[in-house]
$ cat model22.txt   # compact mmCIF, C-alpha atoms
# COMPACT_ATOMS: atom_id res chain seq x y z
CA ARG A 1 25.22 49.74 -2.91
CA ASP A 2 23.21 49.61 -6.15
CA LYS A 3 22.25 46.01 -5.41
CA ASN A 4 20.71 47.04 -2.08
CA ASP A 5 18.88 50.00 -3.66
CA MET A 6 17.34 47.63 -6.18
CA ALA A 7 16.48 45.13 -3.44
CA ARG A 8 14.80 47.88 -1.41
CA GLN A 9 12.77 49.03 -4.40
CA LEU A 10 11.71 45.48 -5.28
CA LEU A 11 10.77 44.65 -1.71
CA GLU A 12 8.92 47.94 -1.30
CA ARG A 13 6.90 47.29 -4.46
CA PHE A 14 6.21 43.66 -3.51
CA LEU A 15 5.05 44.57 0.00
CA ALA A 16 2.85 47.43 -1.22
CA GLU A 17 1.19 45.16 -3.79
CA ASP A 18 0.70 42.41 -1.21
CA GLU A 19 -0.88 44.77 1.31
CA ALA A 20 -3.11 46.33 -1.36
CA ILE A 21 -4.41 42.87 -2.24
CA LEU A 22 -5.13 42.13 1.44
CA ASP A 23 -6.86 45.52 1.82
CA THR A 24 -9.08 44.81 -1.19
CA LEU A 25 -10.00 41.32 0.00
CA GLU A 26 -10.72 42.54 3.54
CA GLN A 27 -12.88 45.39 2.24
CA ARG A 28 -14.86 42.98 0.06
CA ALA A 29 -15.33 40.58 2.98
CA HIS A 30 -16.56 43.41 5.25
CA GLU A 31 -19.05 44.44 2.56
CA LEU A 32 -20.45 40.89 2.55
CA SER A 33 -20.82 40.48 6.33
CA ASP A 34 -20.87 42.70 9.39
CA ASP A 35 -20.09 39.76 11.67
CA PRO A 36 -16.30 39.74 12.27
CA LEU A 37 -16.03 35.94 12.20
CA GLN A 38 -18.05 35.55 9.02
CA SER A 39 -16.19 38.46 7.44
CA PHE A 40 -12.82 36.86 8.25
CA LEU A 41 -13.98 33.48 6.91
CA ILE A 42 -15.10 35.21 3.71
CA PHE A 43 -11.72 36.96 3.52
CA LEU A 44 -9.94 33.59 3.79
CA ASN A 45 -12.18 32.12 1.12
CA LEU A 46 -11.51 35.05 -1.22
CA TYR A 47 -7.79 34.73 -0.52
CA ALA A 48 -7.86 30.99 -1.28
CA GLN A 49 -9.80 31.64 -4.50
CA MET A 50 -7.25 34.23 -5.56
CA MET A 51 -4.48 31.68 -4.99
CA ASP A 52 -6.43 29.08 -7.00
CA ASP A 53 -6.70 31.54 -9.89
CA MET A 54 -2.95 31.92 -10.22
CA GLU A 55 -2.22 30.24 -13.54
CA THR A 56 1.36 29.43 -12.68
CA LEU A 57 3.17 28.77 -9.45
CA HIS A 58 3.90 31.82 -7.38
CA PRO A 59 7.41 32.88 -8.42
CA GLY A 60 8.52 32.92 -4.82
CA CYS A 61 8.24 35.17 -1.89
CA MET A 62 10.41 38.20 -1.30
CA VAL A 63 9.85 37.85 2.46
CA ALA A 64 11.29 34.32 2.45
CA THR A 65 14.13 35.35 0.16
CA VAL A 66 15.21 38.25 2.36
CA THR A 67 14.88 36.11 5.48
CA TYR A 68 16.85 33.11 4.21
CA GLN A 69 19.44 35.07 2.25
CA GLU A 70 19.88 37.86 4.79
CA ARG A 71 23.64 38.14 4.19
CA LEU A 72 22.87 39.44 0.71
CA PHE A 73 20.88 42.41 2.00
CA ASP A 74 21.63 45.52 4.01
CA ALA A 75 20.07 46.45 7.35
CA GLU A 76 17.39 48.58 5.69
CA VAL A 77 16.06 45.70 3.56
CA LYS A 78 16.05 43.39 6.60
CA ARG A 79 14.26 46.06 8.65
CA MET A 80 11.60 46.47 5.95
CA ASN A 81 11.04 42.73 5.97
CA VAL A 82 10.64 42.52 9.75
CA GLU A 83 8.32 45.54 9.82
CA TYR A 84 6.13 43.93 7.16
CA LEU A 85 5.85 40.71 9.18
CA GLU A 86 5.00 42.72 12.29
CA ARG A 87 2.30 44.62 10.32
CA MET A 88 0.81 41.30 9.22
CA ARG A 89 0.78 40.09 12.83
CA ARG A 90 -1.02 43.27 13.95
CA ARG A 91 -3.45 43.16 11.02
CA PHE A 92 -4.57 39.59 11.60
CA ALA A 93 -4.45 39.80 15.41
CA GLU A 94 -6.79 42.80 15.21
CA SER A 95 -9.20 40.72 13.13
CA PHE A 96 -9.05 37.99 15.76
CA ARG A 97 -9.64 40.52 18.58
CA LYS A 98 -12.82 41.67 16.81
CA ILE A 99 -13.90 38.05 16.40
CA LEU A 100 -13.14 37.28 20.05
CA ALA A 101 -15.38 40.16 21.19
CA GLU A 102 -18.40 38.40 19.66
CA HIS A 103 -17.33 34.76 19.45
CA PRO A 104 -15.53 33.31 22.47
CA PRO A 105 -13.01 30.68 21.37
CA ARG A 106 -13.63 27.02 22.21
CA ILE A 107 -10.01 26.68 23.32
CA GLU A 108 -7.47 29.06 24.80
CA VAL A 109 -5.75 30.86 21.97
CA ASP A 110 -2.88 33.34 21.68
CA LEU A 111 -4.12 35.85 19.11
CA ASP A 112 -0.65 36.95 18.02
CA ALA A 113 0.37 33.32 17.51
CA LEU A 114 -2.84 32.68 15.56
CA ALA A 115 -2.11 35.76 13.44
CA ASP A 116 1.43 34.48 12.79
CA HIS A 117 -0.08 31.10 11.90
CA LEU A 118 -1.79 32.62 8.87
CA THR A 119 1.48 34.14 7.68
CA VAL A 120 3.22 30.80 8.26
CA ILE A 121 0.51 29.04 6.22
CA VAL A 122 0.78 31.46 3.30
CA GLU A 123 4.59 31.71 3.22
CA GLY A 124 5.04 27.98 3.80
CA ALA A 125 2.48 27.10 1.14
CA ILE A 126 4.34 29.24 -1.41
CA VAL A 127 7.55 27.32 -0.72
CA LEU A 128 5.87 23.91 -0.64
CA SER A 129 3.79 24.52 -3.78
CA LYS A 130 6.92 25.56 -5.65
CA ALA A 131 8.93 22.57 -4.41
CA LEU A 132 6.14 20.07 -5.20
CA HIS A 133 5.02 21.81 -8.41
CA ASP A 134 1.49 21.94 -7.02
CA PRO A 135 -0.17 25.30 -7.70
CA GLY A 136 -3.35 24.19 -5.88
CA LEU A 137 -1.54 23.74 -2.59
CA MET A 138 -1.73 27.40 -1.53
CA GLY A 139 -5.53 27.52 -1.77
CA LYS A 140 -5.89 24.15 -0.04
CA GLN A 141 -3.73 25.25 2.88
CA THR A 142 -5.64 28.53 3.24
CA ARG A 143 -8.93 26.60 3.30
CA LEU A 144 -7.53 24.28 5.94
CA PHE A 145 -6.62 27.31 8.07
CA ARG A 146 -10.15 28.62 7.48
CA ASN A 147 -11.55 25.36 8.87
CA HIS A 148 -9.23 25.71 11.86
CA ILE A 149 -10.65 29.19 12.57
CA LYS A 150 -14.19 27.80 12.27
CA LEU A 151 -13.37 25.13 14.84
CA ILE A 152 -11.70 27.55 17.25
CA PHE A 153 -14.51 30.10 17.20
CA GLY A 154 -17.47 27.76 16.75
CA ALA A 155 -18.64 28.78 13.30
CA LYS A 156 -21.05 26.51 11.50
$ encode --input "model22.txt" --output "structure tokens"
Amino acid sequence: RDKNDMARQLLERFLAEDEAILDTLEQRAHELSDDPLQSFLIFLNLYAQMMDDMETLHPGCMVATVTYQERLFDAEVKRMNVEYLERMRRRFAESFRKILAEHPPRIEVDLDALADHLTVIVEGAIVLSKALHDPGLMGKQTRLFRNHIKLIFGAK
């Protein structure tokens, strides 16, 4: 029981810190541009820069840990993890809905899938950068996703 209490507290702290970082970066991006596409591209650039500034490899991701080692955690910890991933989907899909209202996509796109794609990029880059001992990989992958968004929505 104590193990799960500690896991809940760690996950809660990790998720709160992660969301606070995203809130700060989104706020900064909105201050720099009123256009939803440009604002999101700025957000991705700020996010990539933040990843570049990490002096050491990210220690790992609590989301991936809880997902892959689910037998170690109780239902509450697993629920917290799923709810976080669903919040990320809603957060990024809402950004894409705002973009879509002003910038029709060049190809048909599922906004929830595109929102999940960003989470996949970030979580996957954490794992890959750790495995390959390449701290620059996370920023590179985020910039590649940024270019993908530019191509989809026709940004210059």
$ residues_around --input "model22.txt" --residues "Met6 of chain A" --least-positions-apart "6" --cutoff "12 Å" --atoms "only C-alpha atoms" --output "compact mmCIF listing (two decimals) with C-alpha atoms, in the coordinates of the input"
# COMPACT_ATOMS: atom_id res chain seq x y z
CA GLU A 12 8.92 47.94 -1.30
CA ARG A 13 6.90 47.29 -4.46
CA PHE A 73 20.88 42.41 2.00
CA ASP A 74 21.63 45.52 4.01
CA GLU A 76 17.39 48.58 5.69
CA VAL A 77 16.06 45.70 3.56
$ atom_distance --input "model22.txt" --atom1 "atom CA of Glu108 of chain A" --atom2 "atom CA of Leu151 of chain A"
12.2 Å
$ closest_residue --input "model22.txt" --among "A:Leu85, A:Leu25, A:Leu41, A:Ala16" --to "His117 of chain A" --atoms "only C-alpha atoms"
A:Leu85
$ closest_residue --input "model22.txt" --among "A:Met80, A:Ala155, A:Met138, A:Ile121" --to "Leu10 of chain A" --atoms "all atoms listed in the file"
A:Met80
$ atom_distance --input "model22.txt" --atom1 "atom CA of Gln27 of chain A" --atom2 "atom CA of Phe92 of chain A"
13.8 Å
$ closest_residue --input "model22.txt" --among "A:Leu15, A:Ile99, A:Leu22, A:Val82" --to "Ile152 of chain A" --atoms "only C-alpha atoms"
A:Ile99
$ closest_residue --input "model22.txt" --among "A:Met54, A:Leu128, A:Ala75, A:Leu44" --to "Leu144 of chain A" --atoms "all atoms listed in the file"
A:Leu44
$ atom_distance --input "model22.txt" --atom1 "atom CA of Asn147 of chain A" --atom2 "atom CA of Asn81 of chain A"
28.6 Å
$ closest_residue --input "model22.txt" --among "A:Asp112, A:Arg79, A:His133, A:Phe43" --to "Phe145 of chain A" --atoms "all atoms listed in the file"
A:Phe43
$ closest_residue --input "model22.txt" --among "A:Glu19, A:Arg89, A:Gly154, A:Glu26" --to "Tyr47 of chain A" --atoms "all atoms listed in the file"
A:Glu26
$ residues_around --input "model22.txt" --residues "segment 114-116 of chain A" --least-positions-apart "2" --cutoff "8 Å" --atoms "only C-alpha atoms" --output "list in words"
Met88, Arg89, Arg90, Arg91, Phe92, Ala93, Phe96, Val109, Asp110, Leu111, Asp112, Leu118, Thr119 and Val120 of chain A
$ build_atoms --input "model22.txt" --residues "segment 128-150 of chain A" --atoms "N, CA, C and O atoms" --output "mmCIF file, in the coordinates of the input"
data_model
loop_
_atom_site.group_PDB
_atom_site.id
_atom_site.type_symbol
_atom_site.label_atom_id
_atom_site.label_comp_id
_atom_site.auth_asym_id
_atom_site.auth_seq_id
_atom_site.Cartn_x
_atom_site.Cartn_y
_atom_site.Cartn_z
ATOM 1 N N LEU A 128 6.230 25.301 -0.401
ATOM 2 C CA LEU A 128 5.870 23.910 -0.640
ATOM 3 C C LEU A 128 5.263 23.717 -2.037
ATOM 4 O O LEU A 128 5.573 22.744 -2.730
ATOM 5 N N SER A 129 4.405 24.650 -2.459
ATOM 6 C CA SER A 129 3.790 24.520 -3.780
ATOM 7 C C SER A 129 4.844 24.597 -4.881
ATOM 8 O O SER A 129 4.766 23.888 -5.882
ATOM 9 N N LYS A 130 5.837 25.436 -4.667
ATOM 10 C CA LYS A 130 6.920 25.560 -5.650
ATOM 11 C C LYS A 130 7.759 24.275 -5.676
ATOM 12 O O LYS A 130 8.057 23.742 -6.739
ATOM 13 N N ALA A 131 8.108 23.777 -4.497
ATOM 14 C CA ALA A 131 8.930 22.570 -4.410
ATOM 15 C C ALA A 131 8.218 21.351 -4.999
ATOM 16 O O ALA A 131 8.831 20.531 -5.673
ATOM 17 N N LEU A 132 6.912 21.243 -4.744
ATOM 18 C CA LEU A 132 6.140 20.070 -5.200
ATOM 19 C C LEU A 132 5.472 20.285 -6.557
ATOM 20 O O LEU A 132 4.779 19.397 -7.043
ATOM 21 N N HIS A 133 5.657 21.467 -7.130
ATOM 22 C CA HIS A 133 5.020 21.810 -8.410
ATOM 23 C C HIS A 133 3.513 21.581 -8.333
ATOM 24 O O HIS A 133 2.913 20.951 -9.207
ATOM 25 N N ASP A 134 2.920 22.103 -7.271
ATOM 26 C CA ASP A 134 1.490 21.940 -7.020
ATOM 27 C C ASP A 134 0.861 23.311 -6.785
ATOM 28 O O ASP A 134 0.788 23.790 -5.652
ATOM 29 N N PRO A 135 0.391 23.962 -7.854
ATOM 30 C CA PRO A 135 -0.170 25.300 -7.700
ATOM 31 C C PRO A 135 -1.448 25.339 -6.860
ATOM 32 O O PRO A 135 -1.812 26.377 -6.335
ATOM 33 N N GLY A 136 -2.125 24.217 -6.678
ATOM 34 C CA GLY A 136 -3.350 24.190 -5.880
ATOM 35 C C GLY A 136 -3.098 24.143 -4.385
ATOM 36 O O GLY A 136 -4.019 24.324 -3.589
ATOM 37 N N LEU A 137 -1.863 23.913 -3.998
ATOM 38 C CA LEU A 137 -1.540 23.740 -2.590
ATOM 39 C C LEU A 137 -1.807 24.992 -1.750
ATOM 40 O O LEU A 137 -2.288 24.899 -0.619
ATOM 41 N N MET A 138 -1.544 26.164 -2.298
ATOM 42 C CA MET A 138 -1.730 27.400 -1.530
ATOM 43 C C MET A 138 -3.187 27.593 -1.143
ATOM 44 O O MET A 138 -3.501 27.903 0.010
ATOM 45 N N GLY A 139 -4.100 27.400 -2.071
ATOM 46 C CA GLY A 139 -5.530 27.520 -1.770
ATOM 47 C C GLY A 139 -5.989 26.462 -0.792
ATOM 48 O O GLY A 139 -6.765 26.749 0.129
ATOM 49 N N LYS A 140 -5.509 25.235 -0.960
ATOM 50 C CA LYS A 140 -5.890 24.150 -0.040
ATOM 51 C C LYS A 140 -5.451 24.455 1.378
ATOM 52 O O LYS A 140 -6.196 24.227 2.337
ATOM 53 N N GLN A 141 -4.237 24.956 1.542
ATOM 54 C CA GLN A 141 -3.730 25.250 2.880
ATOM 55 C C GLN A 141 -4.487 26.415 3.515
ATOM 56 O O GLN A 141 -4.749 26.408 4.720
ATOM 57 N N THR A 142 -4.869 27.404 2.716
ATOM 58 C CA THR A 142 -5.640 28.530 3.240
ATOM 59 C C THR A 142 -7.024 28.068 3.676
ATOM 60 O O THR A 142 -7.535 28.495 4.717
ATOM 61 N N ARG A 143 -7.630 27.154 2.922
ATOM 62 C CA ARG A 143 -8.930 26.600 3.300
ATOM 63 C C ARG A 143 -8.829 25.759 4.576
ATOM 64 O O ARG A 143 -9.740 25.768 5.407
ATOM 65 N N LEU A 144 -7.736 25.050 4.722
ATOM 66 C CA LEU A 144 -7.530 24.280 5.940
ATOM 67 C C LEU A 144 -7.419 25.214 7.148
ATOM 68 O O LEU A 144 -8.008 24.946 8.209
ATOM 69 N N PHE A 145 -6.701 26.307 7.000
ATOM 70 C CA PHE A 145 -6.620 27.310 8.070
ATOM 71 C C PHE A 145 -8.004 27.873 8.359
ATOM 72 O O PHE A 145 -8.380 28.065 9.520
ATOM 73 N N ARG A 146 -8.776 28.119 7.323
ATOM 74 C CA ARG A 146 -10.150 28.620 7.480
ATOM 75 C C ARG A 146 -10.970 27.656 8.338
ATOM 76 O O ARG A 146 -11.696 28.066 9.246
ATOM 77 N N ASN A 147 -10.842 26.368 8.071
ATOM 78 C CA ASN A 147 -11.550 25.360 8.870
ATOM 79 C C ASN A 147 -11.073 25.380 10.322
ATOM 80 O O ASN A 147 -11.869 25.197 11.240
ATOM 81 N N HIS A 148 -9.795 25.601 10.516
ATOM 82 C CA HIS A 148 -9.230 25.710 11.860
ATOM 83 C C HIS A 148 -9.881 26.882 12.602
ATOM 84 O O HIS A 148 -10.264 26.752 13.776
ATOM 85 N N ILE A 149 -10.024 28.012 11.954
ATOM 86 C CA ILE A 149 -10.650 29.190 12.570
ATOM 87 C C ILE A 149 -12.109 28.875 12.902
ATOM 88 O O ILE A 149 -12.600 29.236 13.983
ATOM 89 N N LYS A 150 -12.801 28.192 11.996
ATOM 90 C CA LYS A 150 -14.190 27.800 12.270
ATOM 91 C C LYS A 150 -14.284 26.930 13.512
ATOM 92 O O LYS A 150 -15.174 27.113 14.337
#
